[in-house]
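S.K.: One structure, as structure tokens, below. Some questions next.
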Amino acid sequence: MKTHSTLTRMARKVLFIACLGAVTTNAQAAEDYSSFLRPAEIPQPDNNRITTARTELGKMLFFDPRLSGSNWISCGTCHNPALGWSDGLPTAIGHGMGVLGRATPTILNTAYQPLQFWDGRERTLEKQALGPIKAAGEMNQDLDEVIKELSALKGYRDAFEDAYPGEGITQKTLAKALATYERTIVSTEAPFDRWVKGETHAMSKAAQQGFEVFLGKGRCVLCHGGFNFTDNGFHNLGLKGDDDPGRYGIRKVKILKGAFKTPTLRDVELTAPYMHNGMYKTLEEVIDHYDRGGDTKDNLDPNMQPLHLNASEKAGLVAFMKALTGEPAPVTLPRLPVE
């Protein structure tokens, strides 16, 4: 038989190992939480670095309705800073008051996204910027015509020269200026961010419990990870009555049929309605959809599974997602050139 002292030494050894394991687990948790912190710099291409002149020019263009064929729709019409940089509608309204098939996505934190649009058809903000301008159903503007209109205004000639010396007013510099401004539209510090940094009371107990569900039973982190709470991937969520091909229209891969880009959860409480077709009005409805594991099972993403969440867990998830809302960054409207 082992002596009492031997058993005591063994018990101490087990306790030491257990404590060491707990420290390791806590350290890992801290490391995992740090992955939710904002990167040190905003991603930007070497040939279009962010400058004050470029940002100010891009802002003028973003809010100028002359970029549309009707001269009354601007980028800011659908991407309204007062509505979470979206429009508050189930699906967008474009040229001639035509109702479009997809919701207006927020442009918050698009600088961190490698693919643009719901279906990811463009890889850069520069390429994305011109798409809505020339799309017949959206802004319906001829790009050559808008370049002529801008070139006729001394205010724009001077602004383009300050931003892109010697490059002139072209489709390329138009796209670069818009992209630069959009890169500066980033989320502000939210209660969650302060909590991750160690401010223990920055986030409510309900939100903290919701974060645990988010990481665990809710399986949300499988697609909504990292600082921007997105995997930048494409998933079919099993939305009822939806026949939009989504990413499949760009890449003919079966798993991408009906798949759409995972949106950021930053400031998500400000961007209702939800989903690419705007079918849900509230975060509670969205959570119920995920809890059911989706409705249409054809080509359903493998990550979509029934969750069996209780009322407290669902409420916690809502509280957590609301804790991702930062204070609104002040936005002042630019003075547009008239001559």
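Just so we're on the same page: first chain in the structure tokens is A, next is B, and so on; residues restart at 1 for each chain, and ligands are numbered from 1 in the order they show up.
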Might you pull out every residue within 12 Å of A:Leu265, with only C-alpha atoms counted and same-chain residues fewer than 2 positions away left off, and present them as a PyMOL selection string?

M.R.: chain A and resi 36+84+105-109+187+190+192+214+220-221+223-232+262-263+267-272+274-275+283+317-318+320-326

S.K.: Take the residues from that selection and write them out as a short mmCIF file (atom, residue, chain, number, x, y, z; two decimals), in the first residue's frame, keeping N, CA and C atoms.

M.R.:
```cif
data_model
loop_
_atom_site.label_atom_id
_atom_site.label_comp_id
_atom_site.auth_asym_id
_atom_site.auth_seq_id
_atom_site.Cartn_x
_atom_site.Cartn_y
_atom_site.Cartn_z
N PHE A 36 -10.59 38.82 -31.68
CA PHE A 36 -11.76 39.64 -31.95
C PHE A 36 -11.44 41.13 -31.91
N GLY A 84 -27.10 52.70 -40.19
CA GLY A 84 -26.06 51.68 -40.16
C GLY A 84 -25.39 51.49 -41.51
N PRO A 105 -26.50 45.89 -48.45
CA PRO A 105 -25.61 45.53 -47.34
C PRO A 105 -24.94 46.76 -46.75
N THR A 106 -24.66 46.73 -45.48
CA THR A 106 -23.89 47.82 -44.90
C THR A 106 -22.51 47.87 -45.53
N ILE A 107 -21.95 49.07 -45.64
CA ILE A 107 -20.58 49.16 -46.13
C ILE A 107 -19.61 49.36 -44.96
N LEU A 108 -20.11 49.21 -43.75
CA LEU A 108 -19.24 49.29 -42.57
C LEU A 108 -18.20 48.17 -42.62
N ASN A 109 -16.94 48.54 -42.47
CA ASN A 109 -15.83 47.57 -42.41
C ASN A 109 -15.61 46.81 -43.71
N SER A 187 -16.15 50.47 -38.02
CA SER A 187 -16.88 50.43 -36.76
C SER A 187 -16.07 51.08 -35.65
N ALA A 190 -16.98 49.18 -29.32
CA ALA A 190 -18.25 48.77 -28.75
C ALA A 190 -18.04 48.24 -27.34
N PHE A 192 -18.42 45.32 -26.26
CA PHE A 192 -17.68 44.06 -26.36
C PHE A 192 -16.18 44.29 -26.42
N PHE A 214 -22.64 31.98 -28.18
CA PHE A 214 -22.12 32.32 -29.50
C PHE A 214 -20.92 31.44 -29.86
N CYS A 220 -22.31 29.94 -33.61
CA CYS A 220 -22.27 31.15 -34.44
C CYS A 220 -20.87 31.46 -34.93
N VAL A 221 -19.89 31.19 -34.07
CA VAL A 221 -18.51 31.55 -34.39
C VAL A 221 -17.96 30.77 -35.57
N CYS A 223 -19.05 30.73 -38.46
CA CYS A 223 -19.10 31.61 -39.62
C CYS A 223 -18.85 33.08 -39.26
N HIS A 224 -19.12 33.45 -38.02
CA HIS A 224 -18.97 34.84 -37.59
C HIS A 224 -17.81 34.97 -36.62
N GLY A 225 -16.59 34.79 -37.13
CA GLY A 225 -15.41 34.86 -36.29
C GLY A 225 -14.58 36.09 -36.57
N GLY A 226 -13.59 36.32 -35.70
CA GLY A 226 -12.64 37.41 -35.89
C GLY A 226 -13.21 38.78 -35.58
N PHE A 227 -12.38 39.80 -35.75
CA PHE A 227 -12.78 41.17 -35.41
C PHE A 227 -14.06 41.60 -36.11
N ASN A 228 -14.19 41.25 -37.39
CA ASN A 228 -15.35 41.70 -38.16
C ASN A 228 -16.52 40.73 -38.09
N PHE A 229 -16.37 39.68 -37.31
CA PHE A 229 -17.43 38.69 -37.10
C PHE A 229 -17.98 38.15 -38.42
N THR A 230 -17.07 37.73 -39.28
CA THR A 230 -17.43 37.06 -40.53
C THR A 230 -16.27 36.20 -40.99
N ASP A 231 -16.60 35.10 -41.64
CA ASP A 231 -15.55 34.25 -42.23
C ASP A 231 -15.30 34.63 -43.69
N ASN A 232 -16.03 35.66 -44.17
CA ASN A 232 -15.94 36.11 -45.56
C ASN A 232 -16.27 34.99 -46.55
N THR A 262 -21.25 35.89 -45.76
CA THR A 262 -21.53 36.11 -44.34
C THR A 262 -21.35 37.58 -44.01
N PRO A 263 -22.39 38.27 -43.55
CA PRO A 263 -22.24 39.69 -43.26
C PRO A 263 -21.56 39.91 -41.91
N ASP A 267 -22.32 46.47 -35.44
CA ASP A 267 -23.47 47.38 -35.54
C ASP A 267 -24.70 46.69 -36.13
N VAL A 268 -24.81 45.38 -35.93
CA VAL A 268 -25.87 44.62 -36.60
C VAL A 268 -27.27 45.05 -36.15
N GLU A 269 -27.41 45.55 -34.93
CA GLU A 269 -28.76 45.95 -34.50
C GLU A 269 -29.27 47.16 -35.28
N LEU A 270 -28.39 47.84 -36.01
CA LEU A 270 -28.78 49.04 -36.77
C LEU A 270 -29.17 48.73 -38.20
N THR A 271 -28.98 47.49 -38.64
CA THR A 271 -29.09 47.20 -40.08
C THR A 271 -30.26 46.31 -40.44
N ALA A 272 -31.29 46.26 -39.61
CA ALA A 272 -32.50 45.50 -39.97
C ALA A 272 -33.14 46.15 -41.21
N TYR A 274 -33.01 41.79 -41.98
CA TYR A 274 -31.85 40.92 -42.09
C TYR A 274 -31.98 39.88 -43.20
N MET A 275 -30.86 39.30 -43.55
CA MET A 275 -30.66 38.34 -44.63
C MET A 275 -30.56 39.08 -45.97
N LEU A 283 -33.65 40.65 -34.80
CA LEU A 283 -32.60 39.68 -34.48
C LEU A 283 -33.20 38.42 -33.88
N LEU A 317 -27.96 35.82 -26.72
CA LEU A 317 -27.37 36.07 -28.03
C LEU A 317 -27.76 37.46 -28.55
N VAL A 318 -29.02 37.83 -28.35
CA VAL A 318 -29.45 39.16 -28.78
C VAL A 318 -28.69 40.23 -28.00
N PHE A 320 -25.77 39.99 -26.65
CA PHE A 320 -24.38 40.01 -27.11
C PHE A 320 -24.26 40.76 -28.43
N MET A 321 -25.13 40.47 -29.38
CA MET A 321 -25.03 41.13 -30.68
C MET A 321 -25.24 42.64 -30.56
N LYS A 322 -26.09 43.05 -29.63
CA LYS A 322 -26.28 44.49 -29.41
C LYS A 322 -25.04 45.11 -28.76
N ALA A 323 -24.27 44.29 -28.06
CA ALA A 323 -23.02 44.78 -27.45
C ALA A 323 -21.93 44.98 -28.49
N LEU A 324 -22.21 44.66 -29.75
CA LEU A 324 -21.26 44.90 -30.84
C LEU A 324 -21.52 46.23 -31.52
N THR A 325 -22.45 47.02 -30.99
CA THR A 325 -22.76 48.33 -31.55
C THR A 325 -21.92 49.40 -30.88
N GLY A 326 -21.16 50.13 -31.67
CA GLY A 326 -20.35 51.21 -31.14
C GLY A 326 -21.07 52.55 -31.23
#
```

S.K.: Compile a residue-level contact table for stretch 154-261 of chain A against stretch 38-59 of chain A at a cut-off of 12 Å, reporting for every qualifying residue the shortest atom pair and its distance in Å to one decimal, with only C-alpha atoms counted, rows ordered by chain and ascending number, as a tab-separated table.

M.R.:
```
residue	atom	partner	partner_atom	distance
A:Gly155	CA	A:Leu57	CA	10.1
A:Tyr156	CA	A:Leu57	CA	8.0
A:Arg157	CA	A:Leu57	CA	10.4
A:Asp158	CA	A:Leu57	CA	9.8
A:Ala159	CA	A:Leu57	CA	6.1
A:Phe160	CA	A:Leu57	CA	7.0
A:Glu161	CA	A:Ala53	CA	9.3
A:Asp162	CA	A:Ala53	CA	6.1
A:Ala163	CA	A:Arg54	CA	4.7
A:Tyr164	CA	A:Arg54	CA	7.6
A:Pro165	CA	A:Ala53	CA	10.6
A:Ile169	CA	A:Leu57	CA	11.4
A:Lys172	CA	A:Asn48	CA	10.7
A:Thr173	CA	A:Asn48	CA	9.4
A:Leu174	CA	A:Gly58	CA	7.9
A:Ala175	CA	A:Gly58	CA	8.7
A:Lys176	CA	A:Asn48	CA	6.6
A:Ala177	CA	A:Gly58	CA	4.3
A:Leu178	CA	A:Gly58	CA	4.3
A:Ala179	CA	A:Gly58	CA	7.2
A:Thr180	CA	A:Thr55	CA	5.7
A:Tyr181	CA	A:Thr55	CA	4.7
A:Glu182	CA	A:Gly58	CA	7.8
A:Arg183	CA	A:Ile42	CA	7.3
A:Thr184	CA	A:Thr55	CA	7.7
A:Ile185	CA	A:Ile42	CA	10.1
A:Val186	CA	A:Ile42	CA	8.7
A:Ser187	CA	A:Arg38	CA	9.3
A:Thr188	CA	A:Arg38	CA	9.7
A:Glu189	CA	A:Arg38	CA	9.0
A:Ala190	CA	A:Arg38	CA	11.0
A:Phe192	CA	A:Arg38	CA	11.6
A:Asp193	CA	A:Arg38	CA	8.6
A:Arg194	CA	A:Arg38	CA	11.6
A:Val196	CA	A:Arg38	CA	11.1
A:Lys197	CA	A:Arg38	CA	11.3
A:Gly226	CA	A:Arg38	CA	8.7
A:Phe227	CA	A:Arg38	CA	5.4
A:Asn228	CA	A:Arg38	CA	7.9
A:Phe229	CA	A:Arg38	CA	10.7
```

S.K.: Could you take the residues named above and write them with N, CA and C atoms, as a tab-separated table (two decimals), in the first residue's frame?

M.R.:
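Here's the written file part.tsv:
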```tsv
chain	number	residue	atom	x	y	z
A	155	GLY	N	-14.47	72.73	-59.25
A	155	GLY	CA	-14.31	72.19	-57.91
A	155	GLY	C	-13.84	70.75	-57.92
A	156	TYR	N	-14.38	69.97	-58.84
A	156	TYR	CA	-13.95	68.57	-58.95
A	156	TYR	C	-12.58	68.46	-59.63
A	157	ARG	N	-12.32	69.31	-60.62
A	157	ARG	CA	-11.00	69.26	-61.26
A	157	ARG	C	-9.90	69.51	-60.23
A	158	ASP	N	-10.12	70.49	-59.37
A	158	ASP	CA	-9.13	70.80	-58.34
A	158	ASP	C	-9.02	69.66	-57.32
A	159	ALA	N	-10.17	69.10	-56.93
A	159	ALA	CA	-10.17	68.04	-55.92
A	159	ALA	C	-9.48	66.78	-56.43
A	160	PHE	N	-9.72	66.44	-57.69
A	160	PHE	CA	-9.05	65.27	-58.27
A	160	PHE	C	-7.55	65.50	-58.40
A	161	GLU	N	-7.16	66.72	-58.75
A	161	GLU	CA	-5.74	67.01	-58.89
A	161	GLU	C	-5.04	66.94	-57.52
A	162	ASP	N	-5.71	67.40	-56.47
A	162	ASP	CA	-5.13	67.31	-55.13
A	162	ASP	C	-4.99	65.85	-54.69
A	163	ALA	N	-5.98	65.05	-55.04
A	163	ALA	CA	-6.00	63.65	-54.58
A	163	ALA	C	-5.11	62.75	-55.44
A	164	TYR	N	-5.15	62.97	-56.73
A	164	TYR	CA	-4.41	62.11	-57.67
A	164	TYR	C	-3.68	62.99	-58.69
A	165	PRO	N	-2.60	63.64	-58.26
A	165	PRO	CA	-1.90	64.59	-59.13
A	165	PRO	C	-1.50	63.99	-60.47
A	169	ILE	N	-9.39	63.19	-64.22
A	169	ILE	CA	-10.69	62.64	-63.83
A	169	ILE	C	-11.02	61.51	-64.80
A	172	LYS	N	-10.98	55.33	-63.51
A	172	LYS	CA	-10.06	54.74	-62.53
A	172	LYS	C	-9.93	55.60	-61.29
A	173	THR	N	-9.74	56.91	-61.46
A	173	THR	CA	-9.60	57.77	-60.28
A	173	THR	C	-10.94	57.96	-59.56
A	174	LEU	N	-12.04	57.91	-60.31
A	174	LEU	CA	-13.36	57.94	-59.68
A	174	LEU	C	-13.52	56.75	-58.74
A	175	ALA	N	-13.17	55.57	-59.23
A	175	ALA	CA	-13.28	54.36	-58.43
A	175	ALA	C	-12.34	54.40	-57.24
A	176	LYS	N	-11.13	54.88	-57.45
A	176	LYS	CA	-10.15	54.93	-56.37
A	176	LYS	C	-10.59	55.88	-55.26
A	177	ALA	N	-11.16	57.02	-55.63
A	177	ALA	CA	-11.60	57.98	-54.62
A	177	ALA	C	-12.77	57.43	-53.80
A	178	LEU	N	-13.75	56.83	-54.47
A	178	LEU	CA	-14.88	56.24	-53.76
A	178	LEU	C	-14.40	55.13	-52.82
A	179	ALA	N	-13.51	54.29	-53.31
A	179	ALA	CA	-12.98	53.19	-52.50
A	179	ALA	C	-12.25	53.71	-51.27
A	180	THR	N	-11.50	54.80	-51.44
A	180	THR	CA	-10.77	55.36	-50.31
A	180	THR	C	-11.72	55.81	-49.22
A	181	TYR	N	-12.76	56.53	-49.60
A	181	TYR	CA	-13.72	56.98	-48.59
A	181	TYR	C	-14.39	55.79	-47.90
A	182	GLU	N	-14.77	54.79	-48.68
A	182	GLU	CA	-15.44	53.63	-48.09
A	182	GLU	C	-14.51	52.89	-47.12
A	183	ARG	N	-13.21	52.90	-47.37
A	183	ARG	CA	-12.27	52.24	-46.44
A	183	ARG	C	-12.23	52.93	-45.08
A	184	THR	N	-12.57	54.19	-45.05
A	184	THR	CA	-12.54	54.92	-43.77
A	184	THR	C	-13.80	54.71	-42.95
A	185	ILE	N	-14.79	54.04	-43.53
A	185	ILE	CA	-16.05	53.80	-42.81
A	185	ILE	C	-15.89	52.51	-42.02
A	186	VAL	N	-15.45	52.64	-40.79
A	186	VAL	CA	-15.15	51.49	-39.95
A	186	VAL	C	-15.92	51.60	-38.63
A	187	SER	N	-16.15	50.47	-38.02
A	187	SER	CA	-16.88	50.43	-36.76
A	187	SER	C	-16.07	51.08	-35.65
A	188	THR	N	-16.77	51.64	-34.69
A	188	THR	CA	-16.13	52.25	-33.53
A	188	THR	C	-16.11	51.24	-32.37
A	189	GLU	N	-15.40	51.60	-31.31
A	189	GLU	CA	-15.28	50.69	-30.17
A	189	GLU	C	-16.65	50.44	-29.53
A	190	ALA	N	-16.98	49.18	-29.32
A	190	ALA	CA	-18.25	48.77	-28.75
A	190	ALA	C	-18.04	48.24	-27.34
A	192	PHE	N	-18.42	45.32	-26.26
A	192	PHE	CA	-17.68	44.06	-26.36
A	192	PHE	C	-16.18	44.29	-26.42
A	193	ASP	N	-15.76	45.28	-27.18
A	193	ASP	CA	-14.32	45.56	-27.32
A	193	ASP	C	-13.71	45.96	-25.99
A	194	ARG	N	-14.43	46.78	-25.25
A	194	ARG	CA	-13.92	47.20	-23.94
A	194	ARG	C	-13.86	46.02	-22.98
A	196	VAL	N	-13.41	42.83	-23.83
A	196	VAL	CA	-12.28	41.98	-24.22
A	196	VAL	C	-10.97	42.56	-23.71
A	197	LYS	N	-10.89	43.88	-23.66
A	197	LYS	CA	-9.67	44.54	-23.19
A	197	LYS	C	-9.54	44.52	-21.66
A	226	GLY	N	-13.59	36.32	-35.70
A	226	GLY	CA	-12.64	37.41	-35.89
A	226	GLY	C	-13.21	38.78	-35.58
A	227	PHE	N	-12.38	39.80	-35.75
A	227	PHE	CA	-12.78	41.17	-35.41
A	227	PHE	C	-14.06	41.60	-36.11
A	228	ASN	N	-14.19	41.25	-37.39
A	228	ASN	CA	-15.35	41.70	-38.16
A	228	ASN	C	-16.52	40.73	-38.09
A	229	PHE	N	-16.37	39.68	-37.31
A	229	PHE	CA	-17.43	38.69	-37.10
A	229	PHE	C	-17.98	38.15	-38.42
```

S.K.: Which residue out of A:Gly278, A:Pro191, A:Gly233, A:Gly69 has the minimum interatomic distance to A:Glu149 when only C-alpha atoms are used?

M.R.: A:Gly69

S.K.: Mind listing the strand (DSSP E) residues of stretch 209-303 of chain A, per DSSP on the backbone, as a PDB file with N, CA and C atoms, in the first residue's frame?

M.R.:
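Output contents, as saved in out.pdb:
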```pdb
ATOM      1  N   PHE A 234     -19.284  31.933 -48.024  1.00  0.00           N
ATOM      2  CA  PHE A 234     -20.621  31.937 -48.618  1.00  0.00           C
ATOM      3  C   PHE A 234     -21.372  30.701 -48.160  1.00  0.00           C
ATOM      4  N   HIS A 235     -22.618  30.894 -47.703  1.00  0.00           N
ATOM      5  CA  HIS A 235     -23.368  29.792 -47.101  1.00  0.00           C
ATOM      6  C   HIS A 235     -24.835  29.862 -47.501  1.00  0.00           C
ATOM      7  N   PHE A 260     -24.749  32.925 -49.839  1.00  0.00           N
ATOM      8  CA  PHE A 260     -24.444  34.341 -49.825  1.00  0.00           C
ATOM      9  C   PHE A 260     -23.376  34.634 -48.786  1.00  0.00           C
ATOM     10  N   LYS A 261     -22.704  35.771 -48.980  1.00  0.00           N
ATOM     11  CA  LYS A 261     -21.586  36.136 -48.119  1.00  0.00           C
ATOM     12  C   LYS A 261     -22.045  36.363 -46.680  1.00  0.00           C
TER      13      LYS A 261
END
```

S.K.: Pick from A:Ile73, A:Leu89, A:Ile250, A:Ile255: nearest to A:Asn299, with only C-alpha atoms counted?

M.R.: A:Ile255

S.K.: One decimal, in Å: what's the spacing between atom CA of A:His276 and atom CA of A:Trp118?

M.R.: 7.1 Å

S.K.: Could you pull the residues within 12 Å of A:Ser312, counting only C-alpha atoms, minus those fewer than 6 positions along the same chain, as a short mmCIF file (atom, residue, chain, number, x, y, z; two decimals) with N, CA and C atoms, in the first residue's frame?

M.R.:
```cif
data_model
loop_
_atom_site.label_atom_id
_atom_site.label_comp_id
_atom_site.auth_asym_id
_atom_site.auth_seq_id
_atom_site.Cartn_x
_atom_site.Cartn_y
_atom_site.Cartn_z
N LYS A 205 -24.07 41.00 -18.01
CA LYS A 205 -23.99 39.56 -17.74
C LYS A 205 -24.72 38.77 -18.82
N ALA A 206 -25.87 39.29 -19.23
CA ALA A 206 -26.64 38.60 -20.28
C ALA A 206 -25.83 38.52 -21.57
N ALA A 207 -25.15 39.62 -21.92
CA ALA A 207 -24.33 39.63 -23.13
C ALA A 207 -23.14 38.68 -23.00
N GLN A 209 -23.04 35.96 -21.19
CA GLN A 209 -23.58 34.61 -21.33
C GLN A 209 -23.92 34.32 -22.79
N GLY A 210 -24.41 35.36 -23.48
CA GLY A 210 -24.70 35.21 -24.90
C GLY A 210 -23.45 34.94 -25.71
N VAL A 213 -22.67 31.33 -25.50
CA VAL A 213 -23.53 30.59 -26.42
C VAL A 213 -23.03 30.77 -27.86
N GLU A 284 -34.29 38.57 -33.15
CA GLU A 284 -34.95 37.40 -32.57
C GLU A 284 -35.42 36.44 -33.66
N VAL A 318 -29.02 37.83 -28.35
CA VAL A 318 -29.45 39.16 -28.78
C VAL A 318 -28.69 40.23 -28.00
N ALA A 319 -28.56 40.04 -26.69
CA ALA A 319 -27.82 41.01 -25.86
C ALA A 319 -26.37 41.12 -26.31
#
```

S.K.: In Å, rounded to a single decimal, give me how far atom CA of A:Ala92 is from atom CA of A:Gln171.

M.R.: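 Interatomic distance here is 24.6 Å.
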
S.K.: What are the DSSP helix (DSSP H, G or I) residues of stretch 85-256 of chain A, as a PyMOL selection string?

M.R.: chain A and resi 95-97+110-112+125-134+143-151+154-163+171-183+191-196+205-215+220-222+247-249+254-256

S.K.: Counting only C-alpha atoms, which of A:Leu37, A:Leu67, A:Leu222, A:Ala82 gets nearest to A:Thr332?

M.R.: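 Checking each of A:Leu37, A:Leu67, A:Leu222, A:Ala82 against A:Thr332, counting only C-alpha atoms, the winner is A:Ala82.
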
S.K.: Within 10 Å of A:Met279, counting only C-alpha atoms, which residues show up once you throw out same-chain ones fewer than 2 positions away? Write them as number ranges by chain, please.

M.R.: A: 90-91, 103, 239-240, 242, 272-277, 281-282, 285-286
